[in-house]
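So the structure is just underneath, and the comments pick up after that.
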Amino acid sequence: MTGFDEDDAFEAAARPLSARAMAARPAPYLDTLNSAQRQAVETLEGPVLMLAGAGTGKTKALTTRIAHLLNTGRARPNEILAVTFTNKAAREMKTRVGALMGHAVEGMPWLGTFHAICVKLLRRHAELAGLKPNFTILDTDDQVRLLKQLVVASGLDEKRWPARQLAGLIDRWKNRAWGPGAVPVAEASAFDGRGVALYAAYQERLKALNAADFGDLLLHVVTILQTHPDVLEQYRRWFRYILVDEYQDTNVAQYLWLRLLAGGHHNICCVGDDDQSIYGWRGAEVGNILRFEKDFPGAQVIRLEQNYRSSPHILSVASGVIAANTGRLGKTLWTDAEEGEKVRLIGHWDGEEEARWIGEEAEALQRGTRSLRPFSLDAMAILVRASHQMRAFEDRFLTIGLPYRVIGGPRFYERLEIRDAMAYFRLAVSPADDLAFERIVNTPKRGLGDKAQQKIQTAARDLGTPLVEAARRVLQGGGLTGKGAAQLRVLLEALDRWHAEVLNPTQSHVELAEIILDDSGYTAMWQADKSPDAQGRLENLKELVKALEEFENLQGFLEHVALIMDNESDAEEPKISIMTLHAAKGLEFAVVFLPGWEDGLFPSQRAMDENGLKGLEEERRLAYVGITRAEEICTISFTANRRVYGQWQSALPSRFIDELPEDHVEVLTPPGLYGGGYGASAPGVEQRAARADVYNSPGWRRMQARAGQPAPRAMVIEAQPVGFTAGDRVFHQKFGYGTVMGLEGDKLDVEFDKAGAKKVVARFVTAADRAGDVPF
DNA sequence: TAAGTAGCCCTAGGT
DNA sequence: GGGCTACTTA
């Protein structure tokens with residue numbers, strides 16, 4: 001089927017648009033917009049770039065624009081293509097358009113995430129990509145396991161060449177819309193020279209399994225549009241208006257996809273903020289938004305600069321920080337709001353003290369003793385750079401009984417028990433799902449260990465059948481005996497029963513799901529488990545079954561889960577939120593804490609090592625995103641000492657702190673700096689206390705500035721990140737002294753005197769003659 | 001085959 | 001420090 005659904009068909013649309021437009025209803029929603037927003041809503045024809053700074057009412061403008069398109073009769077709901085990155089954003093957009101129109105928006109079938117829309121397109125044209133319309137979507141876990149098999153089969157040492165790394169490589173290639181044949185020579189030799197060959201083999205396997213991974217969803221569609229002009233033409237005519245949210249986060253494949261589809265009517269409106277581009281590591285190209293005017297000739301650029309979120313001090317600090325970046329499109333945020341409090345800056349001795357101080361501060365703000373009014377914990381957030389920073393806060397808050405929630409922990413559907421259960425469901429729906437079978441043959445334990453599984457694998461390969469069928473044959477042929485054989489027989493019989501039930505239902509799919517979990521022994525397995533998290537897992541399984549109720553059948557549910565992840569836990573008592581800076585994008589809080597502003601942690605050493613100045617600038621945008629989350633009170637902090645991977649390390653304040661505009665910052669002095677309690681007898685304590693004090697004295701930053709380049713700050717070095725050459729003597733904390741034998745990227749081959757030959761990351765060693773200077 | 005232990009790595013994370 | 005994998009042991 002290559003055609004369109006009947007109700008989507010617009011071909012009869014030689015309809016007089018102007019007449020429809022004249023019938024448009026009044027548009028009261030326009031009166032609630034400021035002039036820039038209004039311009040963004042009313043400039044409907046031709047390419048538009050809406051540069052929307054943080055907190056400037058971007059979503060409002062975007063949703064009003066859709067409402068306006070519908071209201072003026074310029075497009076029918078199914079002629080608008082509106083793309084977001086997350087399901088959450090898509091959902092919000094749908095809701096808000098509905099609210100604007102005063103009724104639920106039916107038939108906006110093309111409002112969704114890039115991936116959801118691509119699935120829809122790909123199902124229609126699957127055969128053009130060598131797939132069947134009912135292809136399955138693999139998640140990252142499946143992907144890695146498949147790749148692992150290929151790596152092993154190719155004779156590579158899977159330890160030296162981890163499948164996860166290959167998965168990352170292939171993802172990057174797919175993000176750039178490179179099929180196996182299009183990977184440039186320079187990159188093709190990655191992964192021990194076999195990168196591309198493995199990529200090609202992987203794509204073959206996927207085809208054979210009738211499966212696609214996330215990257216494929218886009219790649220296949222782009223390829224189809226590129227190679228089938230007739231298909232492209234259909235969609236070009238169909239999508240009269242295209243809207244894109246978070247354009248600064250698009251990767252090359254998404255960009256190509258958009259350009260192809262917008263090539264007909266040219267009515268594409270991209271919304272974004274180059275200063276909030278923080279997903280470069282995931283393949284996003286800031287270049288897409290910077291190049292917009294070139295890519296789409298005649299484009300109009302509309303800037304949304306009035307900020308409705310943050311106080312003037314907070315905005316000034318944010319602007320001051322981001323000003324250090326180069327190549328920006330440039331925006332000047334302004335606000336009518338009252339002056340409010342300055343951004344607060346405070347240094348601490350170590351991470352525990354930082355957590356203690358923030359905990360007390362949160363309580364004081366909650367009581368209202370630290371501010372003009374009390375704040376709910378719901379209005380407070382702690383935004384960290386790296387997830388391992390979260391633990392100190394969790395520990396502290398558990399101790400003092402401060403309610404908190406961690407946003408972005410392991411996703412519901414990524415949990416072990418959910419994945420297991422899903423594998424059972426998948427097998428019931430499609431018995432040929434080998435990956436699912438592998439996952440659950442021996443879960444719960446059925447006495448089918450590696451050996452038994454290998455037999456089945458071999459049989460499958462020899463017979464050319466799926467694993468389930470192969471297992472059946474192995475049993476019949478007496479290849480397995482004893483307990484394992486008996487239990488395998490039980491499993492296979494159960495699978496048959498479940499599959500028959502899927503084909504010819506005699507009961508609801510919810511009941512079937514319960515039966516599957518019970519009959520398989522999976523529920524019993526967790527009931528018998530006495531570890532503390534078993535109870536929680538059982539509850540998750542119950543939740544899973546409950547979630548099934550909203551779907552017509554298991555198939556529908558599986559598709560949904562493949563694409564969707566968020567389960568918003570309902571709000572109970574007020575809680576302070578802990579999350580990463582990345583997770584905070586798009587959110588806002590009255591009170592924001594930004595801990596851990598230390599060089600190496602933030603900006604992250606790794607970001608700088610791997611991406612140099614580009615990496616540093618992305619880190620700076622992350623700082624900008626963090627600060628602009630705050631409405632009223634924003635507190636930045638850093639510590640003099642931090643435990644990293646169990647080792648104490650002294651740290652220097654982040655270079656971003658030097659960039660905070662002084663007039664808008666208040667430097668706080670933490671209590672108890674001299675109070676001891678940190679082993680006052682330990683050597684060096686006075687020194688370190690003195691230094692910590694310097695960070696906290698009112699003039700410390702000026703002193704730093706005057707001193708010129710302070711201390712051994714981590715440097716951004718573009719060309720030569722390593723700094724060692726073969727023959728250098730080095731010292732490693734764990735392995736001792738050694739000699740550099742060779743270089744490979746940021747890794748060194750070192751022959752250690754005692755520990756022998758090792759590969760170590762360059763920054764973990766120091767030149768041997770300097771070793772004595774380095775405090776460990 | 002299952003339980004126990006040693007070695008290894010370690011940003012950010014939606015679909 | 002902690003979580004995961006791979007290897008070793010009962």
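In the structure tokens, each chain is lettered A, B, ... as it comes, each chain's residues begin at 1, and ligands are numbered from 1 in order of appearance.
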
Task: Residues flagged alpha helix (DSSP H) by DSSP in segment 501-641 of chain A, as a PyMOL selection string - done: chain A and resi 501-503+509-519+522-528+534-548+554-563+581-584+605-627

Under the rule of at most 10 Å, produce a per-residue listing of chain B near chain A: chain, number, name, the closest pair of atoms, and the distance in Å, as JSON lines, using only C-alpha atoms (C1' of nucleotides).
{"residue": "B:DT1", "atom": "C1'", "partner": "A:Gly449", "partner_atom": "CA", "distance": 6.8}
{"residue": "B:DA2", "atom": "C1'", "partner": "A:Gly449", "partner_atom": "CA", "distance": 9.7}
{"residue": "B:DC10", "atom": "C1'", "partner": "A:Tyr645", "partner_atom": "CA", "distance": 8.0}
{"residue": "B:DT11", "atom": "C1'", "partner": "A:Ala386", "partner_atom": "CA", "distance": 6.2}
{"residue": "B:DA12", "atom": "C1'", "partner": "A:His582", "partner_atom": "CA", "distance": 6.4}
{"residue": "B:DG13", "atom": "C1'", "partner": "A:His582", "partner_atom": "CA", "distance": 8.2}
{"residue": "B:DG14", "atom": "C1'", "partner": "A:Thr86", "partner_atom": "CA", "distance": 6.3}
{"residue": "B:DT15", "atom": "C1'", "partner": "A:Leu563", "partner_atom": "CA", "distance": 5.7}

For N, CA and C atoms (P, O5', C5', C4', C3', O3' and C1' of nucleotides), I'd like the residues from the last selection saved as an mmCIF file, in the first residue's frame.
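Contents of selection21.cif, freshly written:
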data_model
loop_
_atom_site.group_PDB
_atom_site.id
_atom_site.type_symbol
_atom_site.label_atom_id
_atom_site.label_comp_id
_atom_site.auth_asym_id
_atom_site.auth_seq_id
_atom_site.Cartn_x
_atom_site.Cartn_y
_atom_site.Cartn_z
ATOM 1 P P DT B 1 23.397 -25.865 31.493
ATOM 2 O "O5'" DT B 1 23.554 -25.672 33.068
ATOM 3 C "C5'" DT B 1 22.750 -26.447 33.917
ATOM 4 C "C4'" DT B 1 22.673 -25.776 35.276
ATOM 5 C "C3'" DT B 1 22.422 -24.267 35.221
ATOM 6 O "O3'" DT B 1 21.453 -23.968 36.202
ATOM 7 C "C1'" DT B 1 24.424 -24.699 36.420
ATOM 8 P P DA B 2 20.968 -22.511 36.535
ATOM 9 O "O5'" DA B 2 21.811 -22.186 37.851
ATOM 10 C "C5'" DA B 2 21.686 -23.034 38.986
ATOM 11 C "C4'" DA B 2 22.448 -22.423 40.129
ATOM 12 C "C3'" DA B 2 22.181 -20.946 40.372
ATOM 13 O "O3'" DA B 2 22.140 -20.722 41.773
ATOM 14 C "C1'" DA B 2 24.470 -21.258 39.902
ATOM 15 P P DC B 10 34.644 4.493 30.197
ATOM 16 O "O5'" DC B 10 33.053 4.780 30.244
ATOM 17 C "C5'" DC B 10 32.214 4.115 31.164
ATOM 18 C "C4'" DC B 10 31.836 5.005 32.325
ATOM 19 C "C3'" DC B 10 32.259 6.442 32.128
ATOM 20 O "O3'" DC B 10 31.108 7.227 32.162
ATOM 21 C "C1'" DC B 10 32.806 5.700 34.318
ATOM 22 P P DT B 11 30.529 8.355 32.566
ATOM 23 O "O5'" DT B 11 30.684 9.260 31.347
ATOM 24 C "C5'" DT B 11 31.021 10.610 31.428
ATOM 25 C "C4'" DT B 11 29.904 11.496 31.991
ATOM 26 C "C3'" DT B 11 28.469 11.081 31.679
ATOM 27 O "O3'" DT B 11 27.680 11.647 32.699
ATOM 28 C "C1'" DT B 11 29.004 13.000 30.481
ATOM 29 P P DA B 12 26.225 11.289 32.903
ATOM 30 O "O5'" DA B 12 25.464 12.317 31.953
ATOM 31 C "C5'" DA B 12 25.231 13.651 32.394
ATOM 32 C "C4'" DA B 12 24.408 14.315 31.335
ATOM 33 C "C3'" DA B 12 23.298 13.404 30.797
ATOM 34 O "O3'" DA B 12 22.011 13.962 31.013
ATOM 35 C "C1'" DA B 12 24.624 14.268 29.034
ATOM 36 P P DG B 13 20.911 12.935 31.421
ATOM 37 O "O5'" DG B 13 20.381 12.570 29.963
ATOM 38 C "C5'" DG B 13 19.827 13.559 29.126
ATOM 39 C "C4'" DG B 13 19.135 12.840 27.996
ATOM 40 C "C3'" DG B 13 18.209 11.724 28.454
ATOM 41 O "O3'" DG B 13 17.095 11.704 27.578
ATOM 42 C "C1'" DG B 13 19.928 10.801 27.149
ATOM 43 P P DG B 14 15.738 11.270 28.287
ATOM 44 O "O5'" DG B 14 14.725 11.474 27.088
ATOM 45 C "C5'" DG B 14 14.613 12.749 26.475
ATOM 46 C "C4'" DG B 14 14.095 12.530 25.092
ATOM 47 C "C3'" DG B 14 13.064 11.407 24.978
ATOM 48 O "O3'" DG B 14 12.081 11.800 24.046
ATOM 49 C "C1'" DG B 14 14.910 10.876 23.642
ATOM 50 P P DT B 15 10.792 10.925 23.923
ATOM 51 O "O5'" DT B 15 11.137 10.053 22.648
ATOM 52 C "C5'" DT B 15 11.298 10.739 21.400
ATOM 53 C "C4'" DT B 15 11.663 9.748 20.329
ATOM 54 C "C3'" DT B 15 10.800 8.481 20.293
ATOM 55 O "O3'" DT B 15 10.319 8.305 18.964
ATOM 56 C "C1'" DT B 15 13.086 7.931 20.218
#

- [ ] DSSP on the backbone, then: every residue of segment 103-243 of chain A marked strand (DSSP E), written as a list in words.
- [x]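 Reading the DSSP output for segment 103-243 of chain A, strand (DSSP E) covers Leu111, Gly112, Thr113, Thr136, Ile137, Leu138, Ala211, Ala212, Asp213, Tyr241, Ile242 and Leu243 of chain A.
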
Could you turn the residues from that selection into a file that holds all heavy atoms, as a PDB file, in the first residue's frame?
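The resulting result.pdb:
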ATOM      1  N   LEU A 111       0.947  15.562  13.752  1.00  0.00           N
ATOM      2  CA  LEU A 111       1.604  16.247  14.863  1.00  0.00           C
ATOM      3  C   LEU A 111       2.236  15.167  15.725  1.00  0.00           C
ATOM      4  O   LEU A 111       1.530  14.321  16.274  1.00  0.00           O
ATOM      5  CB  LEU A 111       0.572  17.054  15.671  1.00  0.00           C
ATOM      6  CG  LEU A 111       1.067  18.044  16.709  1.00  0.00           C
ATOM      7  CD1 LEU A 111      -0.061  18.936  17.183  1.00  0.00           C
ATOM      8  CD2 LEU A 111       1.731  17.381  17.910  1.00  0.00           C
ATOM      9  N   GLY A 112       3.546  15.176  15.829  1.00  0.00           N
ATOM     10  CA  GLY A 112       4.189  14.129  16.611  1.00  0.00           C
ATOM     11  C   GLY A 112       5.693  14.277  16.591  1.00  0.00           C
ATOM     12  O   GLY A 112       6.220  15.254  16.055  1.00  0.00           O
ATOM     13  N   THR A 113       6.369  13.292  17.158  1.00  0.00           N
ATOM     14  CA  THR A 113       7.825  13.339  17.153  1.00  0.00           C
ATOM     15  C   THR A 113       8.343  12.929  15.769  1.00  0.00           C
ATOM     16  O   THR A 113       7.637  12.290  14.999  1.00  0.00           O
ATOM     17  CB  THR A 113       8.417  12.366  18.175  1.00  0.00           C
ATOM     18  OG1 THR A 113       8.037  11.046  17.791  1.00  0.00           O
ATOM     19  CG2 THR A 113       7.903  12.658  19.577  1.00  0.00           C
ATOM     20  N   THR A 136       9.292  -4.589  13.221  1.00  0.00           N
ATOM     21  CA  THR A 136       9.375  -4.232  14.638  1.00  0.00           C
ATOM     22  C   THR A 136      10.477  -3.188  14.845  1.00  0.00           C
ATOM     23  O   THR A 136      11.398  -3.065  14.052  1.00  0.00           O
ATOM     24  CB  THR A 136       9.720  -5.462  15.517  1.00  0.00           C
ATOM     25  OG1 THR A 136      10.912  -6.046  14.994  1.00  0.00           O
ATOM     26  CG2 THR A 136       8.616  -6.463  15.529  1.00  0.00           C
ATOM     27  N   ILE A 137      10.342  -2.448  15.931  1.00  0.00           N
ATOM     28  CA  ILE A 137      11.300  -1.393  16.232  1.00  0.00           C
ATOM     29  C   ILE A 137      12.187  -1.845  17.387  1.00  0.00           C
ATOM     30  O   ILE A 137      11.692  -2.188  18.462  1.00  0.00           O
ATOM     31  CB  ILE A 137      10.562  -0.093  16.614  1.00  0.00           C
ATOM     32  CG1 ILE A 137       9.639   0.316  15.477  1.00  0.00           C
ATOM     33  CG2 ILE A 137      11.559   0.999  16.928  1.00  0.00           C
ATOM     34  CD1 ILE A 137       8.585   1.309  15.890  1.00  0.00           C
ATOM     35  N   LEU A 138      13.474  -1.884  17.140  1.00  0.00           N
ATOM     36  CA  LEU A 138      14.395  -2.329  18.171  1.00  0.00           C
ATOM     37  C   LEU A 138      14.814  -1.156  19.052  1.00  0.00           C
ATOM     38  O   LEU A 138      15.065  -0.068  18.560  1.00  0.00           O
ATOM     39  CB  LEU A 138      15.657  -2.910  17.540  1.00  0.00           C
ATOM     40  CG  LEU A 138      15.491  -4.118  16.635  1.00  0.00           C
ATOM     41  CD1 LEU A 138      16.864  -4.695  16.305  1.00  0.00           C
ATOM     42  CD2 LEU A 138      14.626  -5.173  17.287  1.00  0.00           C
ATOM     43  N   ALA A 211      13.180  -5.739  10.978  1.00  0.00           N
ATOM     44  CA  ALA A 211      13.258  -4.821  12.101  1.00  0.00           C
ATOM     45  C   ALA A 211      13.991  -3.548  11.695  1.00  0.00           C
ATOM     46  O   ALA A 211      14.753  -3.524  10.731  1.00  0.00           O
ATOM     47  CB  ALA A 211      13.994  -5.478  13.270  1.00  0.00           C
ATOM     48  N   ALA A 212      13.739  -2.493  12.460  1.00  0.00           N
ATOM     49  CA  ALA A 212      14.423  -1.227  12.248  1.00  0.00           C
ATOM     50  C   ALA A 212      14.808  -0.657  13.602  1.00  0.00           C
ATOM     51  O   ALA A 212      14.057  -0.806  14.555  1.00  0.00           O
ATOM     52  CB  ALA A 212      13.515  -0.248  11.509  1.00  0.00           C
ATOM     53  N   ASP A 213      15.971  -0.033  13.676  1.00  0.00           N
ATOM     54  CA  ASP A 213      16.299   0.649  14.931  1.00  0.00           C
ATOM     55  C   ASP A 213      15.895   2.118  14.805  1.00  0.00           C
ATOM     56  O   ASP A 213      15.404   2.545  13.763  1.00  0.00           O
ATOM     57  CB  ASP A 213      17.781   0.469  15.294  1.00  0.00           C
ATOM     58  CG  ASP A 213      18.710   1.131  14.293  1.00  0.00           C
ATOM     59  OD1 ASP A 213      18.267   2.033  13.563  1.00  0.00           O
ATOM     60  OD2 ASP A 213      19.891   0.739  14.244  1.00  0.00           O
ATOM     61  N   TYR A 241       1.796  23.049   5.290  1.00  0.00           N
ATOM     62  CA  TYR A 241       2.525  23.832   6.296  1.00  0.00           C
ATOM     63  C   TYR A 241       3.328  22.901   7.200  1.00  0.00           C
ATOM     64  O   TYR A 241       2.808  21.891   7.683  1.00  0.00           O
ATOM     65  CB  TYR A 241       1.553  24.670   7.132  1.00  0.00           C
ATOM     66  CG  TYR A 241       0.882  25.738   6.318  1.00  0.00           C
ATOM     67  CD1 TYR A 241      -0.327  25.485   5.668  1.00  0.00           C
ATOM     68  CD2 TYR A 241       1.486  26.981   6.159  1.00  0.00           C
ATOM     69  CE1 TYR A 241      -0.927  26.462   4.880  1.00  0.00           C
ATOM     70  CE2 TYR A 241       0.891  27.959   5.376  1.00  0.00           C
ATOM     71  CZ  TYR A 241      -0.307  27.695   4.744  1.00  0.00           C
ATOM     72  OH  TYR A 241      -0.887  28.654   3.971  1.00  0.00           O
ATOM     73  N   ILE A 242       4.549  23.266   7.414  1.00  0.00           N
ATOM     74  CA  ILE A 242       5.422  22.451   8.260  1.00  0.00           C
ATOM     75  C   ILE A 242       5.896  23.299   9.433  1.00  0.00           C
ATOM     76  O   ILE A 242       6.297  24.462   9.253  1.00  0.00           O
ATOM     77  CB  ILE A 242       6.634  21.932   7.451  1.00  0.00           C
ATOM     78  CG1 ILE A 242       6.138  21.076   6.270  1.00  0.00           C
ATOM     79  CG2 ILE A 242       7.575  21.138   8.344  1.00  0.00           C
ATOM     80  CD1 ILE A 242       7.250  20.545   5.384  1.00  0.00           C
ATOM     81  N   LEU A 243       5.821  22.751  10.621  1.00  0.00           N
ATOM     82  CA  LEU A 243       6.331  23.443  11.813  1.00  0.00           C
ATOM     83  C   LEU A 243       7.303  22.538  12.546  1.00  0.00           C
ATOM     84  O   LEU A 243       7.058  21.328  12.663  1.00  0.00           O
ATOM     85  CB  LEU A 243       5.188  23.806  12.758  1.00  0.00           C
ATOM     86  CG  LEU A 243       4.155  24.801  12.231  1.00  0.00           C
ATOM     87  CD1 LEU A 243       2.966  24.066  11.657  1.00  0.00           C
ATOM     88  CD2 LEU A 243       3.728  25.740  13.328  1.00  0.00           C
TER      89      LEU A 243
END

Once you count only C-alpha atoms (C1' of nucleotides), what closest atom pair and distance in Å to one decimal does each residue of chain A within 12 Å of chain C have, with rows by chain and rising residue number, as JSON lines?
{"residue": "A:Glu158", "atom": "CA", "partner": "C:DA6", "partner_atom": "C1'", "distance": 11.4}
{"residue": "A:Lys159", "atom": "CA", "partner": "C:DA6", "partner_atom": "C1'", "distance": 9.8}
{"residue": "A:Pro162", "atom": "CA", "partner": "C:DT5", "partner_atom": "C1'", "distance": 11.6}
{"residue": "A:His388", "atom": "CA", "partner": "C:DG1", "partner_atom": "C1'", "distance": 10.3}
{"residue": "A:Arg391", "atom": "CA", "partner": "C:DG1", "partner_atom": "C1'", "distance": 11.0}
{"residue": "A:Arg643", "atom": "CA", "partner": "C:DG1", "partner_atom": "C1'", "distance": 9.1}
{"residue": "A:Val644", "atom": "CA", "partner": "C:DG1", "partner_atom": "C1'", "distance": 8.4}
{"residue": "A:Tyr645", "atom": "CA", "partner": "C:DG1", "partner_atom": "C1'", "distance": 5.7}
{"residue": "A:Gly646", "atom": "CA", "partner": "C:DG1", "partner_atom": "C1'", "distance": 4.8}
{"residue": "A:Gln647", "atom": "CA", "partner": "C:DG1", "partner_atom": "C1'", "distance": 8.6}
{"residue": "A:Trp648", "atom": "CA", "partner": "C:DG1", "partner_atom": "C1'", "distance": 11.3}

Keeping only all heavy atoms, write those residues as a tab-separated table (two decimals), in the first residue's frame.
chain	number	residue	atom	x	y	z
A	158	GLU	N	35.55	-9.03	21.73
A	158	GLU	CA	34.45	-8.13	22.09
A	158	GLU	C	34.80	-7.26	23.30
A	158	GLU	O	34.07	-6.33	23.63
A	158	GLU	CB	33.16	-8.90	22.35
A	158	GLU	CG	33.35	-10.05	23.29
A	158	GLU	CD	32.02	-10.66	23.72
A	158	GLU	OE1	31.05	-9.90	23.81
A	158	GLU	OE2	31.99	-11.87	23.99
A	159	LYS	N	35.88	-7.60	23.93
A	159	LYS	CA	36.28	-6.78	25.06
A	159	LYS	C	36.99	-5.52	24.57
A	159	LYS	O	36.78	-4.43	25.07
A	159	LYS	CB	37.25	-7.57	25.95
A	159	LYS	CG	36.63	-7.93	27.27
A	159	LYS	CD	37.62	-8.70	28.08
A	159	LYS	CE	37.32	-8.55	29.55
A	159	LYS	NZ	38.12	-9.51	30.32
A	162	PRO	N	33.97	-3.19	22.09
A	162	PRO	CA	32.63	-3.39	22.65
A	162	PRO	C	31.52	-3.03	21.67
A	162	PRO	O	31.62	-2.04	20.94
A	162	PRO	CB	32.60	-2.45	23.86
A	162	PRO	CG	33.79	-1.58	23.76
A	162	PRO	CD	34.71	-2.11	22.72
A	388	HIS	N	26.02	11.54	38.62
A	388	HIS	CA	26.60	11.05	39.88
A	388	HIS	C	26.60	12.11	40.97
A	388	HIS	O	26.75	11.78	42.14
A	388	HIS	CB	28.00	10.46	39.66
A	388	HIS	CG	29.01	11.45	39.18
A	388	HIS	ND1	29.55	12.40	40.00
A	388	HIS	CD2	29.57	11.63	37.96
A	388	HIS	CE1	30.42	13.13	39.29
A	388	HIS	NE2	30.44	12.67	38.05
A	391	ARG	N	23.76	11.84	43.98
A	391	ARG	CA	23.73	10.99	45.16
A	391	ARG	C	23.92	11.74	46.45
A	391	ARG	O	23.25	11.49	47.44
A	391	ARG	CB	24.73	9.85	45.03
A	391	ARG	CG	24.04	8.54	45.25
A	391	ARG	CD	24.93	7.37	45.60
A	391	ARG	NE	26.02	7.67	46.48
A	391	ARG	CZ	27.27	7.43	46.20
A	391	ARG	NH1	27.59	6.92	45.04
A	391	ARG	NH2	28.21	7.71	47.06
A	643	ARG	N	34.81	14.21	45.75
A	643	ARG	CA	35.21	12.83	45.59
A	643	ARG	C	34.79	12.35	44.23
A	643	ARG	O	33.61	12.39	43.88
A	643	ARG	CB	34.60	11.97	46.68
A	643	ARG	CG	35.36	10.70	46.86
A	643	ARG	CD	35.21	10.08	48.19
A	643	ARG	NE	33.86	10.15	48.73
A	643	ARG	CZ	33.55	9.64	49.92
A	643	ARG	NH1	34.47	9.08	50.63
A	643	ARG	NH2	32.33	9.72	50.36
A	644	VAL	N	35.75	11.93	43.42
A	644	VAL	CA	35.45	11.45	42.08
A	644	VAL	C	35.88	9.99	41.99
A	644	VAL	O	37.05	9.68	42.22
A	644	VAL	CB	36.21	12.27	41.02
A	644	VAL	CG1	35.78	11.85	39.63
A	644	VAL	CG2	35.96	13.75	41.23
A	645	TYR	N	34.95	9.13	41.69
A	645	TYR	CA	35.24	7.69	41.63
A	645	TYR	C	35.95	7.25	42.90
A	645	TYR	O	36.95	6.54	42.85
A	645	TYR	CB	36.09	7.35	40.42
A	645	TYR	CG	35.47	7.78	39.14
A	645	TYR	CD1	36.23	8.35	38.15
A	645	TYR	CD2	34.10	7.63	38.93
A	645	TYR	CE1	35.66	8.76	36.96
A	645	TYR	CE2	33.52	8.03	37.76
A	645	TYR	CZ	34.30	8.59	36.77
A	645	TYR	OH	33.73	8.99	35.59
A	646	GLY	N	35.49	7.74	44.01
A	646	GLY	CA	36.02	7.28	45.28
A	646	GLY	C	37.30	7.96	45.72
A	646	GLY	O	37.79	7.73	46.82
A	647	GLN	N	37.85	8.82	44.87
A	647	GLN	CA	39.10	9.48	45.23
A	647	GLN	C	38.85	10.97	45.47
A	647	GLN	O	38.13	11.59	44.72
A	647	GLN	CB	40.11	9.39	44.09
A	647	GLN	CG	40.11	8.06	43.40
A	647	GLN	CD	41.35	7.29	43.71
A	647	GLN	OE1	42.07	7.62	44.65
A	647	GLN	NE2	41.61	6.26	42.95
A	648	TRP	N	39.51	11.49	46.49
A	648	TRP	CA	39.36	12.91	46.73
A	648	TRP	C	40.21	13.70	45.74
A	648	TRP	O	41.36	13.35	45.50
A	648	TRP	CB	39.80	13.26	48.16
A	648	TRP	CG	38.75	12.89	49.14
A	648	TRP	CD1	38.73	11.78	49.94
A	648	TRP	CD2	37.55	13.59	49.41
A	648	TRP	NE1	37.59	11.75	50.68
A	648	TRP	CE2	36.84	12.86	50.39
A	648	TRP	CE3	36.99	14.77	48.92
A	648	TRP	CZ2	35.60	13.28	50.88
A	648	TRP	CZ3	35.77	15.18	49.42
A	648	TRP	CH2	35.08	14.44	50.39

Task: Atomic distance atom CA of Lys342 of chain A - atom CA of Ile633 of chain A, expressed in Å with one decimal - done: 7.7 Å

TODO: Would you mind listing what lies within 7 Å of segment 324-339 of chain A as a PyMOL selection string, with only C-alpha atoms (C1' of nucleotides) counted and same-chain residues fewer than 5 positions away left out?
DONE: chain A and resi 53+274+290+305-308+311-313+617

Task: Å distance separating atom CA of Val183 of chain A from atom CA of Val196 of chain A, one decimal place - done: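 Rounded to one decimal, the two atoms are 7.3 Å apart.
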